[in-house]
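**Student:** Got a structure for you, questions after.
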Amino acid sequence: MYVWNSASETALPFLDPQFQGALMPRWTTPTRLGGWLTLLLGVLLAVIGLILTVGGVQLAALGGSWYYVLAGLALIASGVLLVLRDVRGAWIYAATFLATLIWAFWEKGLNGWALVPRLVGPLVLMFLVIATLPALRRGAGRLAAGSAAGLAVLTLIFGVVIAQANKAQIDHPVPGARGSYNDPALLKTGADWPAWGGTDSAQRYTPLTQINKDNVGRLERAWTFRTGDLPGERWGAETTPLKIGDTVYLCSARNKLFALDANTGQQKWTYDPQVADDQIPYTAACRGVAYHARANANPAEPCAVKIIEGTLDGRIIAVDARTGRPCPAFGQNGAVSIKVGMGDPYPGMVSITSAPVIVRGVIVTGHQVLDGQKRWNASGVIQGFDVETGELRFAWDMMRPDRNGLPPEGETYTPGTPNMWTTASVDENLGLVYLPMGNSSADYWSSSRRPLEKQYSTSIVALDVTTGKPRWHYQTVHNDVWDFDHGSQATLIDFPTAAGVVPALLVPTKQGDMYVFNRATGQLLHRVEERPVPTTGGTEQGQRSPTQPFSLFATLRKPNLVEADMWGMSPIDQMFCRINFKKANYQGYYTPPSTNHYINYPGYNGGSDWGGVAVDPVRGVIVANYNDMPNYNRLVPRAEANAKGWFPRDDPRYIAQQKEAAERGGSLSKGEGAGDPQIGVPYAIDVNAGWRVKWTGLLCKEPPYGGITAIDMRTGQTLWDRPFGTARKNGPWGIPSMLPLEIGTPNNGGAVVTASGLIFIAAATDDLIRAIDIETGKTVWSDVLPAGGQANPMIYEQNGREYLVIMAGGHHFMETPEGDYVIAYALPEGRA
């Protein structure tokens with residue numbers, strides 16, 4: 001056997017003394033296998049180089065980076081030379097890799113996740129090039145020795161950089177106790193969790209301290225309950241249970257009601273309102289129920305204590321909290337329909353997805369109107385029903401302020417008006433219910449909207465339940481065509497000002513800004529600027545507002561995107577994302593919709609969505625998890641949409657498509673906005689939610705895609721901010737990577753904060769529930785859930801033991817596993 005002596009450039013026998021004493025690395029003569037591997041690697045490099053060159057020319061022509069075309073040409077040369085087994089091919093690749101390294105750090109610095117597509121693929125190829133050196137003819141020894149050492153160091157540095165990128169950025173120390181637990185709600189948290197947001201004030205805070213930073217690592221599953229309700233891929237369960245007395249109450253995916261023993265999780269009763277599957281849209285879920293106790297009543301009386309539920313087929317259900325039996329005095333056998341006066345909407349078009357609220361004996365509810373279907377879809381009317389009888393107490397139809405009840409016979413509530421699909425909050429003392437309003441039907445087109453629709457859409461509205469009329473309102477987006485409807489429940493807080501503490505309302509928004517109002521008057525308690533925004537480049541010239549409000553209190557929003565923010569699995573898909581970025585219409589926040597692809601950033605799922613925020617009123621800290629993803633959108637002309645088969649749910653053509661899909665064993669379920677017809681306006685809408693690379697499923701924007709932050713309630717300053725959600729269940733082609741690193745994933749659902757300084761939250765797509773130290777942002781405990789945890793957790797105490805409860809039901813949009821699990825955690829008995 002012979003080896004190549006790089007020092008003398010001669011082939012020496014293996015036992016030659018010259019070889020034995022040589023100091024440089026030695027390489028065996030090429031084997032047949034080595035030659036084939038070198039050939040294949042050379043072809044691979046040439047093909048990659050050709051792709052990068054062609055795409056790079058296109059990107060450079062669009063005004064983008066020249067790196068890809070230059071790197072592509074170098075890879076073609078390297079590949080050809082490797083095919084010829086010429087060591088210069090390895091040297092060219094090594095030089096290209098070094099240039100790539102310099103370019104990557106020049107573009108993104110020490111941003112670990114941003115470096116992944118720039119360096120991981122080239123790093124793997126560099127190792128392969130080194131592995132083929134024995135098959136090359138000459139001069140490979142120095143390259144091998146230097147490259148191997150350099151790559152080892154680089155790999156180590158790269159791991160440290162990514163690890164550092166996962167740490168919370170602490171900007172300011174979290175303050176200690178400087179306030180008190182003051183919640184204006186009638187029913188408080190502590191032993192109980194009496195409302196969806198903890199209380200009707202929606203602070204999501206508990207004064208309990210049994211579970212703390214020292215013992216949270218000992219949490220164990222105390223009990224698990226399964227609802228048995230697994231309806232399939234179209235929808236899941238996003239329930240936050242209530243706990244009153246010794247009983248936990250919840251709803252399942254199909255609106256089945258359950259009462260469980262708070263200590264053991266054993267079922268006490270169940271009630272099925274028989275919601276038919278064809279009444280449930282693919283974007284719907286039951287998020288919670290409401291509780292009401294009749295004043296001065298004997299608790300043993302039938303229906304003196306009620307559980308109130310809004311159903312996915314548009315009914316309000318009232319059952320006895322003790323037995324689960326329908327309340328006969330409420331409507332017809334315990335139910336009233338909110339669809340009366342809506343003109344008999346098609347099944348699935350109207351559904352109640354969020355828990356109703358009760359104020360001064362009035363059940364107030366909004367409803368979801370299925371997005372993207374028709375401009376003149378069902379009305380977004382807000383209705384109030386008597387909690388004892390189910391009688392309609394008011395109906396706020398914004399287009400008919402002269403009316404307060406059902407429309408005259410032969411008429412309907414005004415079609416197409418903005419709706420409230422999320423959860424309201426309540427001030428019992430003021431008699432106000434705070435409505436986070438959505439948008440008019442056909443979210444992405446505004447020319448046919450009427451003045452009052454434009455006035456109330458994407459607004460917070462304080463509705464007086466004694467009159468059914470607005471007392472004040474504030475609009476956070478003018479003439480919204482970005483689907484920035486309010487998803488978050490507003491939170492009642494005591495807000496410190498120079499003049500003293502003011503009863504306030506904290507309103508998070510999808511665009512990331514937070515607003516604080518005097519909740520009695522609607523007066524802003526901080527500065528808001530009307531800033532110029534883009535008005536040209538869209539399809540509705542003259543419709544776009546020249547300015548939009550920007551809150552100066554606090555925002556979750558990140559800076560505008562740039563080309564270098566594009567991501568992917570490799571330089572190739574990153575390059576194509578860059579090309580799409582440069583092709584798209586993007587002028588920053590509020591880029592007008594257009595028939596060319598345009599970028600909507602933040603997308604419709606972020607910053608703050610339906611999970612809302614949590615508030616520690618004692619420390620004066622707001623805890624907010626948020627999304628940070630763009631949508632890649634396009635308005636699609638009507639003829640093209642028809643050719644694609646995009647029809648509304650009540651169209652016979654859609655019904656035929658649905659039947660055909662069912663016969664094939666599939667469904668028409670799709671991402672929200674991905675091919676919505678918007679009948680009644682000139683354009684359908686196509687939304688690439690999160691902006692995914694089609695062939696890998698990865699997102700085009702670099703991580704993080706979601707975060708969690710702590711904000712000082714007095715000043716609006718960010719205390720700490722960190723990526724939220726690990727990469728363990730994410731990866732290309734839907735293959736879980738199982739990496740425990742905090743990449744920052746999309747998330748839906750909110751948090752709960754304890755007086756002991758812990759934040760409990762699931763929400764992310766990694767199927768974990770975790771405890772986070774409120775002072776540092778560090779995760780101090782986590783557990784793997786059996787399904788997606790896209791629900792808000794809750795905390796209560798029973799028989800001296802503190803319980804943390806989460807619904808693991810999965811989520812269609814987040815693509816997390818479906819389940820029917822209600823899981824309670826507690827410290828080991830006797831060790832609390």
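Identifiers in the structure tokens: chain A, B, ... in order shown; residue index from 1 per chain; ligand index from 1 in order shown.
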When DSSP is applied to the backbone of this structure, which of segment 71-260 of chain A are assigned strand (DSSP E)? Write them out as a PyMOL selection string.

**Tutor:** chain A and resi 169-170+205-206+220-226+242-244+247-251+257-260

**Student:** Hey, what does DSSP flag as helix (DSSP H, G or I) within segment 111-323 of chain A? Can you give it to me as JSON, numbers by chain?

**Tutor:** {"A": [112, 113, 114, 115, 116, 117, 118, 119, 120, 121, 122, 123, 124, 125, 126, 127, 128, 129, 130, 131, 133, 134, 135, 141, 142, 143, 144, 145, 146, 147, 148, 149, 150, 151, 152, 153, 154, 155, 156, 157, 158, 159, 160, 161, 162, 163, 164, 165, 216, 217, 218, 277, 278, 279]}

**Student:** Report, in Å to a single decimal, how far apart atom CA of Tyr434 of chain A and atom CA of His473 of chain A are.

**Tutor:**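 That distance, rounded to one decimal, is 9.2 Å.
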
**Student:** Which residue out of A:Trp223, A:Tyr271, A:Phe105, A:Trp193 has the minimum interatomic distance to Pro241 of chain A when only C-alpha atoms are used?

**Tutor:** A:Trp193

**Student:** Considering only C-alpha atoms, can you say which of A:Gly361, A:Gly334, A:Pro732, A:Gly348 comes closest to Ala318 of chain A?

**Tutor:**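 Of the candidates, the smallest distance to Ala318 of chain A is held by A:Gly334.
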
**Student:** Tell me which of A:Thr209, A:Asp676, A:Asp464, A:Asp686 sits closest to Asn596 of chain A, counting only C-alpha atoms.

**Tutor:**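 Answer, going by the shortest atom-to-atom distance: A:Asp686.
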